[in-house]
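Here is coords_8.csv, consisting of CSV, N, CA and C atoms:
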chain,number,residue,atom,x,y,z
A,21,MET,N,75.8,-55.3,-14.4
A,21,MET,CA,75.1,-54.8,-13.2
A,21,MET,C,73.9,-53.9,-13.5
A,22,ASP,N,74.0,-53.2,-14.5
A,22,ASP,CA,72.9,-52.3,-14.9
A,22,ASP,C,71.6,-53.1,-15.2
A,23,ILE,N,71.8,-54.3,-15.7
A,23,ILE,CA,70.6,-55.2,-16.0
A,23,ILE,C,70.0,-55.6,-14.7
A,24,LEU,N,70.8,-55.9,-13.7
A,24,LEU,CA,70.2,-56.3,-12.3
A,24,LEU,C,69.5,-55.1,-11.7
A,25,TYR,N,70.0,-53.9,-11.9
A,25,TYR,CA,69.3,-52.7,-11.4
A,25,TYR,C,68.0,-52.5,-12.0
A,26,ARG,N,68.0,-52.7,-13.3
A,26,ARG,CA,66.7,-52.6,-14.1
A,26,ARG,C,65.7,-53.6,-13.7
A,27,ILE,N,66.1,-54.8,-13.4
A,27,ILE,CA,65.2,-55.9,-13.0
A,27,ILE,C,64.7,-55.8,-11.6
A,28,PHE,N,65.7,-55.6,-10.7
A,28,PHE,CA,65.3,-55.7,-9.2
A,28,PHE,C,65.1,-54.3,-8.6
A,29,GLY,N,65.6,-53.3,-9.2
A,29,GLY,CA,65.5,-51.9,-8.6
A,29,GLY,C,64.1,-51.5,-8.4
A,30,PRO,N,63.2,-51.5,-9.4
A,30,PRO,CA,61.9,-50.9,-9.3
A,30,PRO,C,61.1,-51.7,-8.2
A,31,PRO,N,61.1,-53.0,-8.2
A,31,PRO,CA,60.3,-53.7,-7.1
A,31,PRO,C,60.8,-53.4,-5.7
A,32,HIS,N,62.2,-53.3,-5.6
A,32,HIS,CA,62.8,-53.0,-4.3
A,32,HIS,C,62.4,-51.6,-3.8
A,33,GLU,N,62.5,-50.7,-4.7
A,33,GLU,CA,62.2,-49.3,-4.3
A,33,GLU,C,60.7,-49.1,-4.1
A,34,LEU,N,59.9,-49.8,-4.8
A,34,LEU,CA,58.5,-49.7,-4.7
A,34,LEU,C,58.1,-50.2,-3.3
A,35,LEU,N,58.7,-51.3,-2.8
A,35,LEU,CA,58.4,-51.8,-1.5
A,35,LEU,C,58.8,-50.7,-0.4
A,36,HIS,N,59.8,-50.0,-0.6
A,36,HIS,CA,60.1,-48.9,0.4
A,36,HIS,C,59.0,-47.8,0.3
A,37,VAL,N,58.5,-47.5,-0.9
A,37,VAL,CA,57.4,-46.5,-1.0
A,37,VAL,C,56.1,-47.0,-0.3
A,38,ILE,N,55.8,-48.3,-0.6
A,38,ILE,CA,54.6,-48.9,0.0
A,38,ILE,C,54.7,-48.9,1.5
A,39,ALA,N,55.9,-49.2,2.1
A,39,ALA,CA,56.1,-49.2,3.5
A,39,ALA,C,55.9,-47.8,4.1
A,40,LEU,N,56.4,-46.8,3.4
A,40,LEU,CA,56.1,-45.4,3.8
A,40,LEU,C,54.6,-45.1,3.8
A,41,TRP,N,53.9,-45.5,2.7
A,41,TRP,CA,52.5,-45.2,2.6
A,41,TRP,C,51.8,-45.9,3.8
A,42,ILE,N,52.2,-47.1,4.2
A,42,ILE,CA,51.6,-47.9,5.3
A,42,ILE,C,51.6,-47.1,6.6
A,43,ILE,N,52.8,-46.4,6.8
A,43,ILE,CA,52.9,-45.7,8.0
A,43,ILE,C,52.4,-44.2,7.9
A,44,GLY,N,51.8,-43.9,6.7
A,44,GLY,CA,51.2,-42.6,6.5
A,44,GLY,C,52.2,-41.5,6.2
A,45,ARG,N,53.3,-41.9,5.6
A,45,ARG,CA,54.3,-40.9,5.1
A,45,ARG,C,54.5,-41.0,3.6
A,46,ARG,N,55.3,-40.0,3.1
A,46,ARG,CA,55.6,-40.0,1.7
A,46,ARG,C,57.1,-39.9,1.6
A,47,PRO,N,57.7,-40.5,0.5
A,47,PRO,CA,59.1,-40.4,0.3
A,47,PRO,C,59.5,-38.9,-0.2
A,48,ARG,N,60.7,-38.5,0.2
A,48,ARG,CA,61.1,-37.2,-0.3
A,48,ARG,C,61.4,-37.2,-1.8
A,49,ALA,N,61.9,-38.3,-2.3
A,49,ALA,CA,62.2,-38.4,-3.7
A,49,ALA,C,62.3,-39.9,-4.0
A,50,VAL,N,61.9,-40.3,-5.3
A,50,VAL,CA,62.0,-41.7,-5.7
A,50,VAL,C,62.7,-41.8,-7.1
A,51,SER,N,63.6,-42.7,-7.2
A,51,SER,CA,64.2,-43.0,-8.5
A,51,SER,C,64.2,-44.5,-8.6
A,52,ILE,N,64.7,-45.0,-9.7
A,52,ILE,CA,64.8,-46.4,-10.0
A,52,ILE,C,65.8,-47.1,-9.1
A,53,ARG,N,66.7,-46.3,-8.5
A,53,ARG,CA,67.8,-46.9,-7.7
A,53,ARG,C,67.8,-46.5,-6.3
A,54,HIS,N,66.9,-45.5,-5.9
A,54,HIS,CA,67.0,-45.0,-4.6
A,54,HIS,C,65.6,-44.3,-4.2
A,55,VAL,N,65.3,-44.5,-2.9
A,55,VAL,CA,64.1,-43.8,-2.3
A,55,VAL,C,64.7,-43.0,-1.2
A,56,ASP,N,64.4,-41.7,-1.2
A,56,ASP,CA,64.9,-40.8,-0.1
A,56,ASP,C,63.8,-40.9,1.0
A,57,ILE,N,64.2,-41.6,2.1
A,57,ILE,CA,63.3,-41.8,3.3
A,57,ILE,C,63.4,-40.5,4.1
A,58,PRO,N,62.3,-40.0,4.7
A,58,PRO,CA,62.4,-38.8,5.5
A,58,PRO,C,63.3,-39.1,6.7
A,59,ASP,N,64.0,-38.0,7.2
A,59,ASP,CA,64.9,-38.1,8.3
A,59,ASP,C,64.3,-38.3,9.6
A,60,ASP,N,63.0,-37.8,9.7
A,60,ASP,CA,62.4,-37.8,11.1
A,60,ASP,C,61.6,-39.0,11.4
A,61,LEU,N,61.9,-40.1,10.8
A,61,LEU,CA,61.2,-41.4,11.2
A,61,LEU,C,61.7,-41.9,12.5
A,62,SER,N,60.8,-42.5,13.3
A,62,SER,CA,61.3,-43.1,14.5
A,62,SER,C,62.1,-44.4,14.1
A,63,THR,N,62.8,-44.9,15.1
A,63,THR,CA,63.6,-46.1,14.8
A,63,THR,C,62.8,-47.3,14.3
A,64,ARG,N,61.6,-47.5,14.9
A,64,ARG,CA,60.7,-48.6,14.5
A,64,ARG,C,60.2,-48.3,13.1
A,65,GLU,N,59.8,-47.1,12.8
A,65,GLU,CA,59.4,-46.8,11.4
A,65,GLU,C,60.5,-47.0,10.4
A,66,TYR,N,61.7,-46.6,10.8
A,66,TYR,CA,62.8,-46.7,9.9
A,66,TYR,C,63.2,-48.2,9.6
A,67,VAL,N,63.2,-49.0,10.6
A,67,VAL,CA,63.4,-50.4,10.5
A,67,VAL,C,62.4,-51.0,9.6
A,68,PHE,N,61.1,-50.7,9.7
A,68,PHE,CA,60.1,-51.2,8.9
A,68,PHE,C,60.2,-50.8,7.4
A,69,VAL,N,60.4,-49.5,7.2
A,69,VAL,CA,60.6,-49.0,5.9
A,69,VAL,C,61.8,-49.6,5.2
A,70,ALA,N,62.9,-49.6,5.8
A,70,ALA,CA,64.2,-50.1,5.2
A,70,ALA,C,64.2,-51.6,5.1
A,71,GLY,N,63.5,-52.3,6.0
A,71,GLY,CA,63.5,-53.7,6.0
A,71,GLY,C,62.5,-54.4,5.3
A,72,LEU,N,61.4,-53.7,4.8
A,72,LEU,CA,60.3,-54.4,4.1
A,72,LEU,C,60.8,-55.2,2.9
A,73,PRO,N,61.7,-54.6,2.0
A,73,PRO,CA,62.1,-55.4,0.9
A,73,PRO,C,62.9,-56.7,1.3
A,74,ALA,N,63.7,-56.6,2.3
A,74,ALA,CA,64.4,-57.8,2.8
A,74,ALA,C,63.4,-58.8,3.3
A,75,LEU,N,62.4,-58.4,4.0
A,75,LEU,CA,61.4,-59.3,4.5
A,75,LEU,C,60.7,-60.0,3.4
A,76,VAL,N,60.3,-59.3,2.4
A,76,VAL,CA,59.5,-59.8,1.2
A,76,VAL,C,60.4,-60.7,0.4
A,77,PHE,N,61.6,-60.2,0.0
A,77,PHE,CA,62.4,-61.0,-0.9
A,77,PHE,C,63.0,-62.3,-0.2
A,78,TRP,N,63.5,-62.2,1.0
A,78,TRP,CA,64.0,-63.3,1.7
A,78,TRP,C,62.9,-64.3,2.1
A,79,GLY,N,61.7,-63.7,2.4
A,79,GLY,CA,60.6,-64.6,2.7
A,79,GLY,C,60.2,-65.4,1.5
A,80,ALA,N,60.2,-64.7,0.3
A,80,ALA,CA,59.8,-65.4,-0.9
A,80,ALA,C,60.9,-66.5,-1.3
A,81,ALA,N,62.2,-66.2,-1.0
A,81,ALA,CA,63.2,-67.1,-1.3
A,81,ALA,C,63.0,-68.4,-0.4
A,82,LEU,N,62.7,-68.2,0.9
A,82,LEU,CA,62.5,-69.3,1.7
A,82,LEU,C,61.3,-70.1,1.3
A,83,TRP,N,60.2,-69.4,1.0
A,83,TRP,CA,59.0,-70.1,0.5
A,83,TRP,C,59.3,-70.9,-0.7
A,84,SER,N,60.0,-70.4,-1.7
A,84,SER,CA,60.3,-71.1,-2.9
A,84,SER,C,61.3,-72.3,-2.6
A,85,LEU,N,62.2,-72.1,-1.7
A,85,LEU,CA,63.0,-73.2,-1.3
A,85,LEU,C,62.2,-74.4,-0.7
A,86,MET,N,61.2,-74.0,0.1
A,86,MET,CA,60.3,-75.1,0.6
A,86,MET,C,59.6,-75.8,-0.5
A,87,GLY,N,59.3,-75.0,-1.6
A,87,GLY,CA,58.7,-75.6,-2.8
A,87,GLY,C,59.6,-76.6,-3.5
A,88,VAL,N,60.9,-76.3,-3.5
A,88,VAL,CA,61.9,-77.2,-4.0
A,88,VAL,C,61.9,-78.5,-3.2
A,89,VAL,N,61.9,-78.4,-1.9
A,89,VAL,CA,62.0,-79.6,-1.1
A,89,VAL,C,60.7,-80.4,-1.2
A,90,ASN,N,59.6,-79.7,-1.3
A,90,ASN,CA,58.3,-80.4,-1.3
A,90,ASN,C,57.7,-80.7,-2.7
A,91,ALA,N,58.5,-80.5,-3.7
A,91,ALA,CA,58.1,-80.7,-5.1
A,91,ALA,C,57.6,-82.1,-5.4
A,92,ARG,N,56.5,-82.3,-6.0
A,92,ARG,CA,56.0,-83.6,-6.3
A,92,ARG,C,56.5,-84.1,-7.7
A,93,THR,N,56.9,-83.2,-8.6
A,93,THR,CA,57.4,-83.6,-9.9
A,93,THR,C,58.7,-82.9,-10.1
A,94,PHE,N,59.5,-83.4,-11.1
A,94,PHE,CA,60.8,-82.7,-11.4
A,94,PHE,C,60.6,-81.3,-11.9
A,95,GLY,N,59.6,-81.1,-12.8
A,95,GLY,CA,59.3,-79.8,-13.3
A,95,GLY,C,58.9,-78.8,-12.3
A,96,GLU,N,58.1,-79.2,-11.3
A,96,GLU,CA,57.7,-78.4,-10.2
A,96,GLU,C,59.0,-78.0,-9.4
A,97,GLY,N,59.9,-78.9,-9.2
A,97,GLY,CA,61.1,-78.6,-8.5
A,97,GLY,C,62.0,-77.6,-9.2
A,98,VAL,N,62.0,-77.8,-10.5
A,98,VAL,CA,62.8,-76.8,-11.3
A,98,VAL,C,62.3,-75.4,-11.3
A,99,VAL,N,60.9,-75.3,-11.4
A,99,VAL,CA,60.3,-74.0,-11.4
A,99,VAL,C,60.5,-73.3,-10.0
A,100,CYS,N,60.4,-74.1,-8.9
A,100,CYS,CA,60.6,-73.6,-7.6
A,100,CYS,C,62.1,-73.2,-7.4
A,101,PHE,N,63.0,-74.0,-7.9
A,101,PHE,CA,64.4,-73.6,-7.8
A,101,PHE,C,64.7,-72.4,-8.6
A,102,LEU,N,64.2,-72.2,-9.8
A,102,LEU,CA,64.4,-70.9,-10.5
A,102,LEU,C,63.8,-69.7,-9.8
A,103,LEU,N,62.6,-69.9,-9.2
A,103,LEU,CA,62.1,-68.9,-8.4
A,103,LEU,C,62.9,-68.6,-7.2
A,104,PHE,N,63.5,-69.6,-6.5
A,104,PHE,CA,64.4,-69.4,-5.4
A,104,PHE,C,65.6,-68.6,-5.8
A,105,MET,N,66.2,-68.9,-7.0
A,105,MET,CA,67.4,-68.2,-7.5
A,105,MET,C,67.0,-66.7,-7.7
A,106,VAL,N,65.9,-66.4,-8.3
A,106,VAL,CA,65.5,-65.0,-8.6
A,106,VAL,C,65.3,-64.3,-7.2
A,107,CYS,N,64.6,-64.9,-6.3
A,107,CYS,CA,64.3,-64.3,-5.0
A,107,CYS,C,65.5,-64.1,-4.2
A,108,SER,N,66.5,-65.0,-4.3
A,108,SER,CA,67.7,-64.9,-3.6
A,108,SER,C,68.5,-63.7,-4.2
A,109,MET,N,68.6,-63.5,-5.5
A,109,MET,CA,69.3,-62.4,-6.1
A,109,MET,C,68.7,-61.1,-5.6
A,110,ALA,N,67.3,-61.0,-5.6
A,110,ALA,CA,66.7,-59.9,-5.1
A,110,ALA,C,67.0,-59.6,-3.6
A,111,GLY,N,67.0,-60.7,-2.8
A,111,GLY,CA,67.4,-60.6,-1.4
A,111,GLY,C,68.8,-60.1,-1.2
A,112,PHE,N,69.7,-60.5,-2.0
A,112,PHE,CA,71.1,-60.0,-1.9
A,112,PHE,C,71.1,-58.5,-2.1
A,113,GLY,N,70.2,-58.0,-2.9
A,113,GLY,CA,70.1,-56.5,-3.1
A,113,GLY,C,69.7,-55.8,-1.8
A,114,THR,N,69.2,-56.5,-0.8
A,114,THR,CA,68.7,-55.8,0.4
A,114,THR,C,69.8,-55.8,1.5
A,115,LEU,N,71.0,-56.3,1.2
A,115,LEU,CA,72.0,-56.4,2.3
A,115,LEU,C,72.5,-55.0,2.7
A,116,GLY,N,72.5,-54.0,1.7
A,116,GLY,CA,72.8,-52.7,2.1
A,116,GLY,C,71.8,-52.0,3.0
A,117,ASP,N,70.5,-52.3,2.8
A,117,ASP,CA,69.5,-51.8,3.7
A,117,ASP,C,69.6,-52.4,5.1
A,118,LEU,N,70.0,-53.7,5.1
A,118,LEU,CA,70.2,-54.4,6.4
A,118,LEU,C,71.4,-53.8,7.2
A,119,GLN,N,72.4,-53.4,6.4
A,119,GLN,CA,73.6,-52.7,7.0
A,119,GLN,C,73.1,-51.3,7.6
A,120,LEU,N,72.3,-50.6,6.9
A,120,LEU,CA,71.9,-49.3,7.4
A,120,LEU,C,71.0,-49.5,8.6
A,121,ILE,N,70.2,-50.5,8.6
A,121,ILE,CA,69.4,-50.8,9.8
A,121,ILE,C,70.3,-51.1,11.0
A,122,ALA,N,71.3,-51.9,10.8
A,122,ALA,CA,72.2,-52.2,11.9
A,122,ALA,C,72.9,-51.0,12.4
A,123,ALA,N,73.4,-50.1,11.5
A,123,ALA,CA,74.0,-48.9,11.9
A,123,ALA,C,73.1,-48.0,12.7
A,124,ARG,N,71.9,-47.9,12.3
A,124,ARG,CA,70.9,-47.1,13.0
A,124,ARG,C,70.7,-47.6,14.4
A,125,LEU,N,70.5,-48.9,14.5
A,125,LEU,CA,70.3,-49.5,15.8
A,125,LEU,C,71.5,-49.4,16.7
A,126,LYS,N,72.7,-49.5,16.1
A,126,LYS,CA,73.9,-49.3,16.9
A,126,LYS,C,74.1,-47.9,17.4
A,127,GLU,N,73.7,-46.9,16.5
A,127,GLU,CA,73.8,-45.5,16.9
A,127,GLU,C,72.8,-45.2,18.0
A,128,GLU,N,71.6,-45.8,17.9
A,128,GLU,CA,70.6,-45.6,19.0
A,128,GLU,C,71.1,-46.1,20.3
A,129,ARG,N,71.7,-47.3,20.2
A,129,ARG,CA,72.2,-47.9,21.5
A,129,ARG,C,73.3,-47.0,22.1
A,130,ARG,N,74.1,-46.5,21.2
A,130,ARG,CA,75.2,-45.6,21.7
A,130,ARG,C,74.7,-44.4,22.4
A,131,VAL,N,73.6,-43.8,21.8
A,131,VAL,CA,73.1,-42.5,22.3
A,131,VAL,C,72.5,-42.7,23.7
A,132,LYS,N,71.9,-43.9,24.0
A,132,LYS,CA,71.2,-44.1,25.3
A,132,LYS,C,72.2,-44.3,26.4
As a first step, turn the structure in this file into structure tokens.
Amino acid sequence: MDILYRIFGPPHELLHVIALWIIGRRPRAVSIRHVDIPDDLSTREYVFVAGLPALVFWGAALWSLMGVVNARTFGEGVVCFLLFMVCSMAGFGTLGDLQLIAARLKEERRVK
């Protein structure tokens, strides 16, 4: 598991940092396994920051899967399939973020 953290952790956490920069904020702390997101983000900002890695990794997985389906040669299909496998593994690393987004949206709905 430590190998997976070393491979997929930095790009995942970097996407959170990039999302914060896009909205004009900075993370409270950054490590290879976690980014501390400021507590005072609006729900939209939070969904964007927490969800950007899922959007990127699952989007890349779908894009590479389309490459498998549309491959013109066997080698092209193999490369696209390997890319699909890597992007899918990275995408599975975002399931915790998606759970946190769902919990935040559920809590917001309960408050209203």
Can you pull out the residues contacting range 58-74 of chain A? Cut-off 9 Å, using only C-alpha atoms, and skip same-chain residues under 4 positions away; I want them as a VMD selection string. chain A and resid 31 to 40 43 45 to 48 78 to 79 110 to 115 117 to 118 120 to 121 124 to 125 128
* To do: For Val98 in chain A, please output as a PyMOL selection string all residues within 8 Å (counting only N, CA and C atoms; exclusion window: fewer than 6 positions along the same chain).
  => chain A and resi 87-88+91+104
Residues of range 49-104 of chain A classed as strand (DSSP E) by DSSP on the backbone are to be reported as number ranges by chain. A: 49-50, 55-56
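From CA of Ile57 in chain A back to CA of Val131 in chain A, the distance works out to 21.4 Å.
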- Rounded to one decimal place, report the CA of Gln119 in chain A-atom N of Leu75 in chain A distance in Å.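 We find that CA of Gln119 in chain A and atom N of Leu75 in chain A lie 12.9 Å from each other.
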| request: Take CA of Ser108 in chain A and CA of Phe28 in chain A and report the distance between them in Å, one decimal. | output: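 Going from CA of Ser108 in chain A over to CA of Phe28 in chain A covers 11.0 Å.
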Polymer residues at most 8 Å from Cys100 in chain A, all atoms listed in the file, same-chain spacing of 2 or more positions, as a ChimeraX atom specification: /A:83-89,91,94-98,102-106
Mind dumping the selected residues with N, CA and C atoms as a short mmCIF file (atom, residue, chain, number, x, y, z; two decimals), in the frame of the given file?
data_model
loop_
_atom_site.label_atom_id
_atom_site.label_comp_id
_atom_site.auth_asym_id
_atom_site.auth_seq_id
_atom_site.Cartn_x
_atom_site.Cartn_y
_atom_site.Cartn_z
N TRP A 83 60.20 -69.40 1.00
CA TRP A 83 59.00 -70.10 0.50
C TRP A 83 59.30 -70.90 -0.70
N SER A 84 60.00 -70.40 -1.70
CA SER A 84 60.30 -71.10 -2.90
C SER A 84 61.30 -72.30 -2.60
N LEU A 85 62.20 -72.10 -1.70
CA LEU A 85 63.00 -73.20 -1.30
C LEU A 85 62.20 -74.40 -0.70
N MET A 86 61.20 -74.00 0.10
CA MET A 86 60.30 -75.10 0.60
C MET A 86 59.60 -75.80 -0.50
N GLY A 87 59.30 -75.00 -1.60
CA GLY A 87 58.70 -75.60 -2.80
C GLY A 87 59.60 -76.60 -3.50
N VAL A 88 60.90 -76.30 -3.50
CA VAL A 88 61.90 -77.20 -4.00
C VAL A 88 61.90 -78.50 -3.20
N VAL A 89 61.90 -78.40 -1.90
CA VAL A 89 62.00 -79.60 -1.10
C VAL A 89 60.70 -80.40 -1.20
N ALA A 91 58.50 -80.50 -3.70
CA ALA A 91 58.10 -80.70 -5.10
C ALA A 91 57.60 -82.10 -5.40
N PHE A 94 59.50 -83.40 -11.10
CA PHE A 94 60.80 -82.70 -11.40
C PHE A 94 60.60 -81.30 -11.90
N GLY A 95 59.60 -81.10 -12.80
CA GLY A 95 59.30 -79.80 -13.30
C GLY A 95 58.90 -78.80 -12.30
N GLU A 96 58.10 -79.20 -11.30
CA GLU A 96 57.70 -78.40 -10.20
C GLU A 96 59.00 -78.00 -9.40
N GLY A 97 59.90 -78.90 -9.20
CA GLY A 97 61.10 -78.60 -8.50
C GLY A 97 62.00 -77.60 -9.20
N VAL A 98 62.00 -77.80 -10.50
CA VAL A 98 62.80 -76.80 -11.30
C VAL A 98 62.30 -75.40 -11.30
N LEU A 102 64.20 -72.20 -9.80
CA LEU A 102 64.40 -70.90 -10.50
C LEU A 102 63.80 -69.70 -9.80
N LEU A 103 62.60 -69.90 -9.20
CA LEU A 103 62.10 -68.90 -8.40
C LEU A 103 62.90 -68.60 -7.20
N PHE A 104 63.50 -69.60 -6.50
CA PHE A 104 64.40 -69.40 -5.40
C PHE A 104 65.60 -68.60 -5.80
N MET A 105 66.20 -68.90 -7.00
CA MET A 105 67.40 -68.20 -7.50
C MET A 105 67.00 -66.70 -7.70
N VAL A 106 65.90 -66.40 -8.30
CA VAL A 106 65.50 -65.00 -8.60
C VAL A 106 65.30 -64.30 -7.20
#
Name the closest residue to Ala80 in chain A among the candidates A:Ala49, A:Cys107, A:Ile23, A:Val99; distances are taken between atoms, counting all atoms listed in the file.
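Distance minimum relative to Ala80 in chain A lands on A:Cys107.
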(message) Quick check for you: according to DSSP on this backbone, which residues of chain A are classed as alpha helix (DSSP H)? Reply as number ranges by chain.
(response) A: 22-42, 63-89, 94-112, 115-131
message = For Tyr25 in chain A, find every residue with an atom within 8 Å (counting all atoms listed in the file), except residues of its own chain fewer than 4 positions away, and show them as an MDAnalysis selection string.
response = chainID A and resid 21 29:31 52:53
